[in-house]
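To be precise, the following lines are model_31.txt, and they hold compact mmCIF, C-alpha atoms.
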# COMPACT_ATOMS: atom_id res chain seq x y z
CA MET C 1 -80.71 -71.62 -24.33
CA SER C 2 -82.87 -73.07 -21.54
CA ALA C 3 -83.58 -69.52 -20.34
CA ILE C 4 -85.12 -68.59 -23.69
CA ALA C 5 -88.67 -69.82 -24.11
CA PHE C 6 -88.56 -69.92 -27.88
CA THR C 7 -91.98 -70.80 -29.21
CA LEU C 8 -90.96 -73.10 -32.07
CA SER C 9 -90.35 -76.78 -31.44
CA SER C 10 -86.77 -78.00 -31.37
CA ARG C 11 -87.44 -79.92 -34.56
CA THR C 12 -88.37 -76.83 -36.53
CA SER C 13 -86.49 -74.12 -34.68
CA PRO C 14 -83.92 -72.17 -36.76
CA ILE C 15 -80.36 -73.08 -35.86
CA THR C 16 -78.42 -70.51 -37.91
CA VAL C 17 -78.73 -66.86 -38.87
CA ALA C 18 -79.27 -68.06 -42.44
CA ASP C 19 -82.29 -70.07 -41.24
CA TYR C 20 -83.72 -66.94 -39.66
CA ARG C 21 -83.09 -64.96 -42.82
CA GLU C 22 -85.06 -67.43 -44.94
CA ARG C 23 -87.97 -67.47 -42.49
CA ALA C 24 -87.98 -63.68 -42.27
CA ARG C 25 -88.08 -63.43 -46.07
CA LYS C 26 -91.17 -65.64 -46.12
CA ALA C 27 -92.83 -63.76 -43.25
CA LEU C 28 -92.56 -60.25 -44.69
CA PRO C 29 -94.15 -58.53 -47.70
CA ALA C 30 -91.73 -57.97 -50.58
CA MET C 31 -91.58 -54.21 -50.09
CA ILE C 32 -90.68 -54.60 -46.39
CA TRP C 33 -88.14 -57.30 -47.22
CA ALA C 34 -86.48 -54.90 -49.66
CA TYR C 35 -86.08 -52.43 -46.79
CA VAL C 36 -84.63 -55.11 -44.50
CA ASP C 37 -82.28 -56.91 -46.82
CA GLY C 38 -81.46 -54.56 -49.68
CA GLY C 39 -78.59 -52.20 -50.30
CA ALA C 40 -77.49 -49.38 -52.56
CA GLU C 41 -77.36 -49.57 -56.37
CA ASP C 42 -75.74 -52.85 -57.55
CA GLU C 43 -75.29 -54.02 -53.93
CA LEU C 44 -71.57 -54.64 -54.42
CA THR C 45 -70.70 -53.43 -50.94
CA LEU C 46 -73.67 -55.24 -49.42
CA ARG C 47 -72.39 -58.55 -50.79
CA ALA C 48 -68.74 -57.76 -50.04
CA ASN C 49 -69.59 -57.16 -46.39
CA VAL C 50 -70.49 -60.84 -46.11
CA ASP C 51 -68.24 -62.41 -48.73
CA ASP C 52 -65.00 -60.74 -47.63
CA PHE C 53 -64.99 -62.65 -44.35
CA ASP C 54 -64.26 -65.71 -46.49
CA LYS C 55 -60.93 -64.16 -47.51
CA TRP C 56 -59.64 -64.82 -43.99
CA ALA C 57 -58.74 -68.16 -42.38
CA LEU C 58 -58.43 -68.93 -38.67
CA ARG C 59 -55.50 -70.66 -37.02
CA SER C 60 -56.40 -74.00 -35.46
CA ARG C 61 -54.27 -75.39 -32.60
CA VAL C 62 -54.98 -78.81 -31.08
CA LEU C 63 -54.45 -80.46 -27.68
CA THR C 64 -54.32 -77.09 -25.94
CA GLY C 65 -56.75 -78.04 -23.18
CA ASN C 66 -58.48 -74.71 -23.78
CA GLU C 67 -62.23 -74.34 -23.90
CA GLY C 68 -63.50 -71.08 -25.34
CA GLN C 69 -65.32 -69.60 -22.38
CA GLY C 70 -64.05 -66.03 -22.08
CA LEU C 71 -66.48 -63.94 -24.15
CA THR C 72 -66.78 -60.72 -22.17
CA ALA C 73 -66.24 -57.35 -23.84
CA LYS C 74 -66.86 -53.71 -23.02
CA VAL C 75 -68.54 -50.71 -24.62
CA GLY C 76 -67.94 -47.50 -22.72
CA ASN C 77 -68.36 -48.31 -19.05
CA THR C 78 -70.69 -51.22 -19.77
CA ALA C 79 -69.49 -54.82 -19.53
CA LEU C 80 -71.06 -57.23 -22.03
CA ASP C 81 -71.34 -60.98 -21.59
CA LEU C 82 -70.52 -61.51 -25.27
CA PRO C 83 -68.71 -59.36 -27.83
CA VAL C 84 -71.86 -58.72 -29.86
CA PHE C 85 -74.26 -55.80 -29.47
CA LEU C 86 -77.28 -54.70 -31.51
CA SER C 87 -76.49 -52.00 -34.06
CA PRO C 88 -79.02 -49.21 -34.66
CA THR C 89 -81.73 -49.96 -37.20
CA GLY C 90 -84.42 -47.43 -38.10
CA MET C 91 -88.20 -47.95 -38.00
CA THR C 92 -87.86 -51.56 -36.89
CA GLY C 93 -91.55 -51.61 -36.02
CA LEU C 94 -92.14 -52.07 -39.74
CA ILE C 95 -90.71 -55.54 -39.43
CA GLN C 96 -92.46 -56.57 -36.21
CA TRP C 97 -94.52 -54.20 -34.15
CA THR C 98 -92.57 -54.69 -30.89
CA GLY C 99 -89.54 -53.29 -32.71
CA GLU C 100 -86.60 -51.77 -30.87
CA ARG C 101 -88.29 -52.16 -27.50
CA ALA C 102 -88.33 -55.95 -27.86
CA ALA C 103 -84.81 -55.95 -29.32
CA ALA C 104 -83.41 -54.04 -26.34
CA ARG C 105 -85.19 -56.37 -23.90
CA ALA C 106 -83.76 -59.38 -25.71
CA ALA C 107 -80.25 -57.91 -25.68
CA GLU C 108 -80.22 -57.38 -21.94
CA ARG C 109 -81.67 -60.87 -21.35
CA VAL C 110 -78.61 -62.28 -23.09
CA GLY C 111 -76.19 -59.94 -21.33
CA THR C 112 -75.51 -57.37 -24.00
CA ARG C 113 -77.00 -54.04 -25.11
CA ALA C 114 -78.76 -52.36 -28.03
CA VAL C 115 -77.87 -49.11 -29.78
CA ILE C 116 -81.19 -47.32 -30.27
CA SER C 117 -81.57 -45.37 -33.51
CA THR C 118 -82.71 -41.77 -33.76
CA ALA C 119 -85.17 -43.20 -36.32
CA SER C 120 -86.53 -45.80 -33.92
CA SER C 121 -90.19 -46.84 -33.95
CA TYR C 122 -90.19 -46.22 -30.19
CA THR C 123 -88.91 -43.18 -28.34
CA VAL C 124 -85.85 -43.43 -26.14
CA GLU C 125 -88.16 -42.90 -23.15
CA GLU C 126 -90.47 -45.76 -24.14
CA ILE C 127 -87.55 -48.13 -24.51
CA ALA C 128 -85.99 -47.04 -21.22
CA ASP C 129 -89.31 -47.62 -19.44
CA ALA C 130 -89.54 -51.14 -20.90
CA THR C 131 -85.99 -52.22 -19.99
CA SER C 132 -83.91 -52.67 -16.87
CA GLU C 133 -80.45 -51.74 -18.11
CA ASN C 134 -78.90 -48.64 -19.67
CA HIS C 135 -78.59 -49.02 -23.42
CA PHE C 136 -76.84 -46.81 -26.00
CA PHE C 137 -78.18 -44.07 -28.28
CA GLN C 138 -77.33 -43.49 -31.94
CA LEU C 139 -77.48 -39.91 -33.17
CA TYR C 140 -78.09 -38.63 -36.66
CA PRO C 141 -76.82 -35.02 -36.51
CA TRP C 142 -79.90 -33.62 -38.20
CA THR C 143 -80.87 -29.95 -38.61
CA SER C 144 -84.33 -28.52 -39.16
CA VAL C 145 -84.68 -27.06 -42.65
CA ARG C 146 -87.48 -24.80 -41.48
CA THR C 147 -85.69 -23.21 -38.52
CA GLY C 148 -82.03 -24.10 -39.09
CA GLU C 149 -81.98 -25.50 -35.54
CA SER C 150 -79.68 -28.41 -34.84
CA LEU C 151 -81.69 -31.25 -33.35
CA ALA C 152 -78.61 -32.88 -31.85
CA LYS C 153 -78.92 -31.18 -28.46
CA LYS C 154 -82.60 -32.03 -28.21
CA PHE C 155 -82.00 -35.71 -28.93
CA ILE C 156 -78.89 -35.90 -26.75
CA ASP C 157 -80.71 -34.33 -23.79
CA ARG C 158 -83.56 -36.81 -24.14
CA ALA C 159 -81.18 -39.77 -24.29
CA HIS C 160 -79.22 -38.50 -21.30
CA HIS C 161 -82.31 -38.00 -19.15
CA ALA C 162 -83.60 -41.45 -20.15
CA GLY C 163 -80.38 -43.04 -18.86
CA TYR C 164 -78.54 -44.00 -22.04
CA SER C 165 -74.88 -44.53 -21.23
CA ALA C 166 -73.03 -44.11 -24.57
CA LEU C 167 -73.51 -42.11 -27.75
CA PHE C 168 -72.92 -43.41 -31.28
CA VAL C 169 -72.78 -40.61 -33.87
CA THR C 170 -73.50 -41.77 -37.42
CA VAL C 171 -71.54 -39.74 -39.97
CA ASP C 172 -71.97 -41.60 -43.26
CA VAL C 173 -75.43 -40.34 -44.27
CA PRO C 174 -75.04 -36.81 -45.67
CA VAL C 175 -77.63 -37.92 -48.22
CA THR C 176 -79.66 -41.09 -48.53
CA GLY C 177 -77.97 -43.85 -50.51
CA ASN C 178 -79.43 -44.85 -53.85
CA ARG C 179 -81.42 -47.86 -52.68
CA GLU C 180 -82.90 -48.85 -55.99
CA GLY C 181 -84.27 -52.17 -54.79
CA GLU C 182 -86.41 -50.42 -52.18
CA ARG C 183 -87.69 -47.90 -54.69
CA LYS C 184 -88.62 -50.59 -57.22
CA ARG C 185 -90.68 -52.37 -54.58
CA GLY C 186 -92.50 -49.31 -53.32
CA MET C 187 -90.29 -48.40 -50.35
CA GLY C 188 -89.19 -45.04 -51.69
CA ILE C 189 -89.95 -41.74 -49.98
CA PRO C 190 -92.85 -41.59 -49.79
CA PRO C 191 -93.74 -45.29 -50.01
CA THR C 192 -96.11 -46.13 -52.85
CA LEU C 193 -98.77 -48.83 -52.77
CA SER C 194 -100.26 -50.69 -55.71
CA PRO C 195 -102.95 -53.37 -55.82
CA SER C 196 -100.30 -56.08 -56.21
CA ARG C 197 -98.34 -54.78 -53.19
CA VAL C 198 -101.49 -54.65 -51.06
CA LEU C 199 -102.30 -58.22 -52.12
CA ASP C 200 -98.77 -59.35 -51.31
CA ALA C 201 -99.07 -57.84 -47.81
CA ALA C 202 -102.45 -59.54 -47.32
CA ARG C 203 -100.77 -62.86 -48.01
CA LYS C 204 -98.69 -62.30 -44.86
CA PRO C 205 -101.65 -62.26 -42.43
CA ARG C 206 -99.65 -62.21 -39.20
CA TRP C 207 -97.58 -59.26 -40.35
CA ALA C 208 -100.64 -57.45 -41.81
CA TYR C 209 -102.68 -57.91 -38.64
CA ASN C 210 -99.98 -56.43 -36.39
CA PHE C 211 -99.25 -53.69 -38.92
CA LEU C 212 -102.88 -52.55 -38.88
CA LYS C 213 -103.47 -53.07 -35.16
CA HIS C 214 -100.33 -51.49 -33.70
CA GLN C 215 -99.12 -49.17 -36.49
CA ARG C 216 -95.60 -48.83 -35.09
CA ILE C 217 -94.27 -47.65 -38.43
CA SER C 218 -93.06 -44.09 -37.95
CA SER C 219 -89.94 -42.55 -36.42
CA ARG C 220 -91.36 -41.65 -33.03
CA MET C 221 -88.53 -39.29 -32.15
CA LEU C 222 -89.68 -37.12 -35.06
CA VAL C 223 -93.43 -37.65 -35.27
CA ASP C 224 -95.45 -38.12 -32.10
CA GLU C 225 -98.17 -40.21 -33.72
CA ARG C 226 -98.76 -43.56 -35.34
CA GLY C 227 -100.22 -44.78 -38.60
CA ALA C 228 -99.42 -44.79 -42.29
CA ALA C 229 -99.76 -41.04 -42.72
CA ALA C 230 -97.40 -40.45 -39.80
CA ALA C 231 -94.92 -42.91 -41.32
CA VAL C 232 -94.91 -40.99 -44.59
CA ARG C 233 -94.42 -37.69 -42.75
CA SER C 234 -91.57 -39.05 -40.64
CA ALA C 235 -89.80 -40.52 -43.70
CA GLN C 236 -90.11 -37.24 -45.58
CA LYS C 237 -88.94 -35.33 -42.53
CA GLN C 238 -85.86 -37.54 -42.19
CA VAL C 239 -84.81 -36.75 -45.74
CA SER C 240 -85.33 -33.04 -45.22
CA LEU C 241 -83.12 -33.10 -42.11
CA LEU C 242 -80.05 -34.65 -43.77
CA ARG C 243 -76.96 -32.47 -43.85
CA PRO C 244 -74.60 -32.71 -46.83
CA GLU C 245 -72.60 -29.82 -45.38
CA LEU C 246 -71.83 -31.70 -42.14
CA CYS C 247 -68.16 -31.28 -41.21
CA TRP C 248 -65.69 -31.97 -38.42
CA ASP C 249 -66.64 -28.77 -36.60
CA ASP C 250 -70.12 -30.24 -36.17
CA LEU C 251 -68.68 -33.35 -34.59
CA ALA C 252 -66.69 -31.20 -32.18
CA LYS C 253 -69.89 -29.45 -31.12
CA ILE C 254 -71.60 -32.80 -30.52
CA ARG C 255 -68.64 -33.88 -28.41
CA ASP C 256 -69.24 -30.83 -26.22
CA LEU C 257 -72.92 -31.76 -25.77
CA TRP C 258 -72.33 -35.29 -24.48
CA ASP C 259 -70.23 -35.96 -21.40
CA GLY C 260 -70.17 -39.76 -21.66
CA PRO C 261 -68.44 -42.19 -24.02
CA MET C 262 -68.90 -41.14 -27.66
CA TYR C 263 -68.23 -43.33 -30.68
CA VAL C 264 -68.16 -42.25 -34.31
CA LYS C 265 -69.95 -44.71 -36.58
CA GLY C 266 -69.52 -44.95 -40.35
CA ILE C 267 -65.73 -44.74 -40.61
CA LEU C 268 -63.83 -46.68 -43.30
CA ASP C 269 -60.72 -44.51 -43.80
CA PRO C 270 -57.93 -44.45 -41.20
CA ASP C 271 -57.41 -40.70 -41.73
CA ASP C 272 -61.04 -40.10 -40.77
CA ALA C 273 -60.62 -42.35 -37.74
CA ALA C 274 -57.63 -40.31 -36.59
CA ALA C 275 -59.52 -37.04 -37.10
CA ALA C 276 -62.43 -38.31 -35.01
CA VAL C 277 -60.13 -39.35 -32.18
CA ARG C 278 -58.39 -35.95 -32.22
CA LEU C 279 -61.80 -34.34 -31.70
CA GLY C 280 -62.49 -36.48 -28.66
CA ALA C 281 -64.12 -39.65 -29.94
CA ASP C 282 -63.70 -42.47 -27.42
CA GLY C 283 -63.81 -45.07 -30.17
CA ILE C 284 -64.60 -45.83 -33.79
CA VAL C 285 -67.21 -48.03 -35.45
CA VAL C 286 -65.94 -49.29 -38.78
CA SER C 287 -69.09 -49.44 -40.89
CA ASN C 288 -70.48 -48.73 -44.34
CA HIS C 289 -74.11 -48.56 -43.17
CA GLY C 290 -74.72 -52.15 -44.14
CA GLY C 291 -73.96 -51.46 -47.80
CA ARG C 292 -76.88 -49.02 -47.95
CA GLN C 293 -74.93 -45.84 -48.72
CA LEU C 294 -71.90 -45.68 -51.05
CA ASP C 295 -71.87 -48.71 -53.30
CA SER C 296 -68.33 -49.91 -54.15
CA ALA C 297 -67.08 -48.72 -50.76
CA LEU C 298 -64.78 -51.06 -48.86
CA SER C 299 -66.36 -53.86 -46.91
CA SER C 300 -66.18 -53.37 -43.17
CA ILE C 301 -63.81 -56.30 -42.58
CA GLU C 302 -61.44 -55.08 -45.33
CA ALA C 303 -61.37 -51.58 -43.82
CA LEU C 304 -60.88 -52.77 -40.25
CA PRO C 305 -57.13 -53.56 -40.08
CA ALA C 306 -55.97 -50.14 -41.33
CA VAL C 307 -58.25 -48.33 -38.90
CA VAL C 308 -57.04 -50.47 -36.00
CA ASP C 309 -53.43 -49.81 -36.99
CA ARG C 310 -54.04 -46.07 -36.97
CA VAL C 311 -56.09 -45.54 -33.80
CA GLY C 312 -56.49 -48.88 -31.99
CA GLY C 313 -54.15 -51.33 -30.38
CA SER C 314 -52.20 -50.75 -27.19
CA GLY C 315 -52.79 -47.23 -25.93
CA GLY C 316 -55.36 -46.49 -28.63
CA VAL C 317 -59.13 -46.34 -28.61
CA PRO C 318 -61.49 -49.28 -29.04
CA VAL C 319 -62.51 -50.04 -32.60
CA TYR C 320 -65.82 -51.78 -33.25
CA LEU C 321 -67.18 -53.22 -36.49
CA ASP C 322 -70.57 -53.74 -38.01
CA GLY C 323 -71.54 -55.06 -41.41
CA GLY C 324 -71.57 -58.61 -42.75
CA ILE C 325 -71.50 -60.52 -39.46
CA ARG C 326 -73.47 -63.74 -39.99
CA ARG C 327 -71.50 -66.37 -38.02
CA GLY C 328 -69.67 -66.65 -34.74
CA SER C 329 -66.53 -67.28 -36.79
CA ASP C 330 -67.06 -63.86 -38.41
CA VAL C 331 -67.03 -62.31 -34.95
CA VAL C 332 -63.80 -64.13 -34.08
CA LYS C 333 -62.16 -62.97 -37.32
CA ALA C 334 -63.07 -59.35 -36.57
CA LEU C 335 -61.71 -59.64 -33.02
CA ALA C 336 -58.48 -61.23 -34.26
CA LEU C 337 -58.03 -58.29 -36.64
CA GLY C 338 -58.33 -55.87 -33.72
CA ALA C 339 -62.02 -55.16 -33.14
CA THR C 340 -63.08 -54.86 -29.51
CA ALA C 341 -66.62 -56.09 -30.26
CA VAL C 342 -69.04 -56.16 -33.18
CA GLY C 343 -72.54 -54.92 -33.88
CA ILE C 344 -75.20 -56.87 -35.75
CA GLY C 345 -78.13 -55.33 -37.64
CA ARG C 346 -79.82 -57.61 -40.16
CA PRO C 347 -79.30 -60.83 -38.13
CA TYR C 348 -81.24 -59.52 -35.17
CA VAL C 349 -83.91 -58.05 -37.46
CA TYR C 350 -84.37 -61.51 -38.99
CA GLY C 351 -84.91 -62.88 -35.50
CA LEU C 352 -87.36 -60.11 -34.68
CA ALA C 353 -89.39 -60.79 -37.84
CA VAL C 354 -89.68 -64.48 -37.01
CA GLY C 355 -90.04 -64.57 -33.24
CA GLY C 356 -90.17 -61.08 -31.76
CA GLU C 357 -88.16 -60.66 -28.55
CA ASP C 358 -87.50 -64.39 -28.25
CA GLY C 359 -86.27 -64.49 -31.84
CA VAL C 360 -83.73 -61.73 -31.18
CA ALA C 361 -82.54 -63.44 -28.00
CA HIS C 362 -82.19 -66.74 -29.86
CA VAL C 363 -80.10 -65.13 -32.61
CA LEU C 364 -77.76 -63.74 -29.96
CA GLU C 365 -77.54 -67.15 -28.30
CA ILE C 366 -76.64 -68.68 -31.67
CA PHE C 367 -73.76 -66.21 -31.87
CA ARG C 368 -72.68 -67.03 -28.31
CA GLU C 369 -72.59 -70.75 -29.03
CA GLU C 370 -70.79 -70.33 -32.35
CA ILE C 371 -68.16 -67.98 -30.90
CA ALA C 372 -67.45 -70.33 -27.99
CA ARG C 373 -67.22 -73.35 -30.30
CA THR C 374 -64.94 -71.52 -32.74
CA LEU C 375 -62.56 -70.50 -29.95
CA THR C 376 -62.44 -74.05 -28.59
CA LEU C 377 -61.64 -75.49 -32.02
CA MET C 378 -58.90 -72.87 -32.40
CA GLY C 379 -57.47 -73.77 -28.98
CA VAL C 380 -58.19 -70.31 -27.56
CA ARG C 381 -59.63 -69.86 -24.08
CA ASP C 382 -60.59 -66.17 -24.11
CA ILE C 383 -61.32 -63.56 -26.79
CA ALA C 384 -58.77 -61.32 -25.03
CA GLU C 385 -56.06 -63.69 -26.35
CA LEU C 386 -57.00 -63.11 -29.99
CA ASP C 387 -54.60 -61.18 -32.21
CA ARG C 388 -53.39 -61.29 -35.80
CA SER C 389 -51.32 -64.40 -35.16
CA HIS C 390 -54.66 -66.24 -35.08
CA ILE C 391 -55.75 -65.16 -38.56
CA MET C 392 -54.32 -65.09 -42.05
CA ARG C 393 -55.28 -64.37 -45.61
CA ARG C 394 -56.63 -67.54 -47.14
CA GLY C 395 -53.88 -69.15 -49.19
CA ALA C 396 -51.05 -67.76 -47.05
CA SER C 397 -49.27 -69.66 -44.27
CA PHE C 398 -48.82 -68.95 -40.60
CA ARG C 399 -45.61 -67.87 -38.98
CA SER C 400 -45.03 -69.90 -35.86
CA ARG C 401 -44.70 -67.98 -32.61
CA GLU C 402 -42.54 -70.76 -31.17

Would you write the structure of this file as structure tokens?
Amino acid sequence: MSAIAFTLSSRTSPITVADYRERARKALPAMIWAYVDGGAEDELTLRANVDDFDKWALRSRVLTGNEGQGLTAKVGNTALDLPVFLSPTGMTGLIQWTGERAAARAAERVGTRAVISTASSYTVEEIADATSENHFFQLYPWTSVRTGESLAKKFIDRAHHAGYSALFVTVDVPVTGNREGERKRGMGIPPTLSPSRVLDAARKPRWAYNFLKHQRISSRMLVDERGAAAAVRSAQKQVSLLRPELCWDDLAKIRDLWDGPMYVKGILDPDDAAAAVRLGADGIVVSNHGGRQLDSALSSIEALPAVVDRVGGSGGVPVYLDGGIRRGSDVVKALALGATAVGIGRPYVYGLAVGGEDGVAHVLEIFREEIARTLTLMGVRDIAELDRSHIMRRGASFRSRE
């Protein structure tokens, strides 16, 4: 923590992800908050992503002499100092103008990496120029409606030349989820303003000032300009590029375009995980898009064990998880169930909204401290030791290994 010059005093500084969430809610206009924190339809999956971690209990062993210090993990050929990376989030400049550029800088300060979205507010080149390490690129396999041209090769080539070291292919967005909360608050496509929404934004002067001054609110990989009009065009263009007909043959073609580690993101079903691995995926990201796509889908933590059993484990591929991570203990539960590492989306966005780059770094440090403390209280020295003997369904009992 001493390396992070967080601007708030120790007396008022947030100490949990929940603290950051509350401050972010107060810092952002209601329509932007709906984009950050909302989900699809009745938000059943959104809530389950968080709540289902409570269905699991951790095994606590005492007098082991073990201090939880071993936190290193790996994504592709990249070693991480903690088993948490930043998941891709689109148009993050809407939340705080420094957006994905600041998030990536914060991640590498803490010893991890960011997955940069195709819908980022900064181009992959801009982020590469602002950082020292190689990060990862997330691909939406979009196709131009006007020309029928697949944009995958164009985006992949740009990411490769900019030095990105792993590819995450998102496969769970054939159409946009029914995000009713966003639409009700004006964040539909296109966004709609009303006098009350303009007034609400004006009541957030820091956000409004940076919004008007920097205008980092469009998907810069799609629209090479800034401003509200560009944001509307990029949002409309994203919708037009979605591909309901996307199939496994398309994934095979993407595999041929990228010669580095490739992970398939948006998998909940073990049969799909197995199909992705057969086509050359180097790993799986168990994810339901943060509860923003199919409502009533499985939570990520509920889907994880079956996917790990099918394609992970000894001799299998790494399985990552995102969705619902809010505590270091959540990370430990996911690792005990077989995840290699986890991605966080909303938690880092909360930090960005409150404190920019320093806020993101502080959120990651909170996770580091909570993971280390959780391991120590469990009597575990290293995350590599974690397995299903360390976790159980709440209400069940452990089987002793002795």

Quiz prompt | For Ala336 of chain C, the nearest of the candidates C:Leu377, C:Ala281, C:Val317, C:Ile391, counting only C-alpha atoms | solution = C:Ile391

Exercise. Write out as a ChimeraX atom specification the residues lying within 6 Å of Asn134 of chain C, counting all atoms listed in the file and excluding same-chain residues fewer than 2 positions away.
Key: /C:163-165

Keeping only C-alpha atoms, write the selected residues as an mmCIF file, in the coordinates of the input.
data_model
loop_
_atom_site.group_PDB
_atom_site.id
_atom_site.type_symbol
_atom_site.label_atom_id
_atom_site.label_comp_id
_atom_site.auth_asym_id
_atom_site.auth_seq_id
_atom_site.Cartn_x
_atom_site.Cartn_y
_atom_site.Cartn_z
ATOM 1 C CA GLY C 163 -80.380 -43.040 -18.860
ATOM 2 C CA TYR C 164 -78.540 -44.000 -22.040
ATOM 3 C CA SER C 165 -74.880 -44.530 -21.230
#

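When only C-alpha atoms are used to measure the gap to Thr112 of chain C, the shortest distance among C:Asp37, C:Asp129, C:Asp81, C:Asp249 belongs to C:Asp81.
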
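Take the candidates C:Pro83, C:Ile32, C:Pro318, C:Asp256 and check each one against Ala152 of chain C using all atoms listed in the file; the shortest distance goes to C:Asp256.
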
Quiz prompt | Nearby residues, (-78.1, -52.9, -25.2) file frame, 7 Å, all atoms listed in the file, as an NGL selection string | solution = :C and (85-86 or 104 or 107-108 or 112-115 or 135-136)

Quiz item: Of the candidates C:Leu337, C:Gly290, C:Ser117, C:Trp142, which one gets nearest to Ser240 of chain C if we count all atoms listed in the file?
Solution: C:Trp142

Quiz item: Could you state the separation of atom CA of Met392 of chain C and atom CA of Ser299 of chain C in Å, given to one decimal place?
Solution: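 Atom-to-atom, atom CA of Met392 of chain C and atom CA of Ser299 of chain C are spaced 17.2 Å apart.
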
Starting from the incomplete input, reconstruct N, CA, C and O atoms of segment 72-84 of chain C and write that as a PDB file, in the frame of the given file.
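Saved file part.pdb follows:
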ATOM      1  N   THR C  72     -66.372 -62.041 -22.634  1.00  0.00           N
ATOM      2  CA  THR C  72     -66.780 -60.720 -22.170  1.00  0.00           C
ATOM      3  C   THR C  72     -66.064 -59.616 -22.938  1.00  0.00           C
ATOM      4  O   THR C  72     -64.905 -59.745 -23.321  1.00  0.00           O
ATOM      5  N   ALA C  73     -66.782 -58.530 -23.152  1.00  0.00           N
ATOM      6  CA  ALA C  73     -66.240 -57.350 -23.840  1.00  0.00           C
ATOM      7  C   ALA C  73     -66.794 -56.119 -23.138  1.00  0.00           C
ATOM      8  O   ALA C  73     -67.534 -56.212 -22.161  1.00  0.00           O
ATOM      9  N   LYS C  74     -66.447 -54.952 -23.672  1.00  0.00           N
ATOM     10  CA  LYS C  74     -66.860 -53.710 -23.020  1.00  0.00           C
ATOM     11  C   LYS C  74     -67.158 -52.648 -24.061  1.00  0.00           C
ATOM     12  O   LYS C  74     -66.443 -52.520 -25.059  1.00  0.00           O
ATOM     13  N   VAL C  75     -68.230 -51.913 -23.834  1.00  0.00           N
ATOM     14  CA  VAL C  75     -68.540 -50.710 -24.620  1.00  0.00           C
ATOM     15  C   VAL C  75     -68.729 -49.580 -23.621  1.00  0.00           C
ATOM     16  O   VAL C  75     -69.618 -49.632 -22.763  1.00  0.00           O
ATOM     17  N   GLY C  76     -67.892 -48.564 -23.714  1.00  0.00           N
ATOM     18  CA  GLY C  76     -67.940 -47.500 -22.720  1.00  0.00           C
ATOM     19  C   GLY C  76     -67.639 -48.067 -21.345  1.00  0.00           C
ATOM     20  O   GLY C  76     -66.655 -48.788 -21.151  1.00  0.00           O
ATOM     21  N   ASN C  77     -68.526 -47.793 -20.403  1.00  0.00           N
ATOM     22  CA  ASN C  77     -68.360 -48.310 -19.050  1.00  0.00           C
ATOM     23  C   ASN C  77     -69.231 -49.542 -18.809  1.00  0.00           C
ATOM     24  O   ASN C  77     -69.397 -49.962 -17.663  1.00  0.00           O
ATOM     25  N   THR C  78     -69.754 -50.111 -19.875  1.00  0.00           N
ATOM     26  CA  THR C  78     -70.690 -51.220 -19.770  1.00  0.00           C
ATOM     27  C   THR C  78     -70.009 -52.527 -20.157  1.00  0.00           C
ATOM     28  O   THR C  78     -69.490 -52.663 -21.268  1.00  0.00           O
ATOM     29  N   ALA C  79     -70.027 -53.498 -19.246  1.00  0.00           N
ATOM     30  CA  ALA C  79     -69.490 -54.820 -19.530  1.00  0.00           C
ATOM     31  C   ALA C  79     -70.555 -55.651 -20.234  1.00  0.00           C
ATOM     32  O   ALA C  79     -71.733 -55.646 -19.842  1.00  0.00           O
ATOM     33  N   LEU C  80     -70.159 -56.360 -21.277  1.00  0.00           N
ATOM     34  CA  LEU C  80     -71.060 -57.230 -22.030  1.00  0.00           C
ATOM     35  C   LEU C  80     -70.636 -58.673 -21.825  1.00  0.00           C
ATOM     36  O   LEU C  80     -69.451 -58.973 -21.755  1.00  0.00           O
ATOM     37  N   ASP C  81     -71.629 -59.571 -21.780  1.00  0.00           N
ATOM     38  CA  ASP C  81     -71.340 -60.980 -21.590  1.00  0.00           C
ATOM     39  C   ASP C  81     -70.879 -61.670 -22.876  1.00  0.00           C
ATOM     40  O   ASP C  81     -70.425 -62.806 -22.834  1.00  0.00           O
ATOM     41  N   LEU C  82     -71.040 -60.999 -23.998  1.00  0.00           N
ATOM     42  CA  LEU C  82     -70.520 -61.510 -25.270  1.00  0.00           C
ATOM     43  C   LEU C  82     -70.156 -60.323 -26.139  1.00  0.00           C
ATOM     44  O   LEU C  82     -70.710 -59.230 -25.962  1.00  0.00           O
ATOM     45  N   PRO C  83     -69.229 -60.510 -27.075  1.00  0.00           N
ATOM     46  CA  PRO C  83     -68.710 -59.360 -27.830  1.00  0.00           C
ATOM     47  C   PRO C  83     -69.583 -58.985 -29.017  1.00  0.00           C
ATOM     48  O   PRO C  83     -69.090 -58.648 -30.096  1.00  0.00           O
ATOM     49  N   VAL C  84     -70.892 -59.031 -28.821  1.00  0.00           N
ATOM     50  CA  VAL C  84     -71.860 -58.720 -29.860  1.00  0.00           C
ATOM     51  C   VAL C  84     -72.929 -57.824 -29.268  1.00  0.00           C
ATOM     52  O   VAL C  84     -73.540 -58.175 -28.253  1.00  0.00           O
TER      53      VAL C  84
END
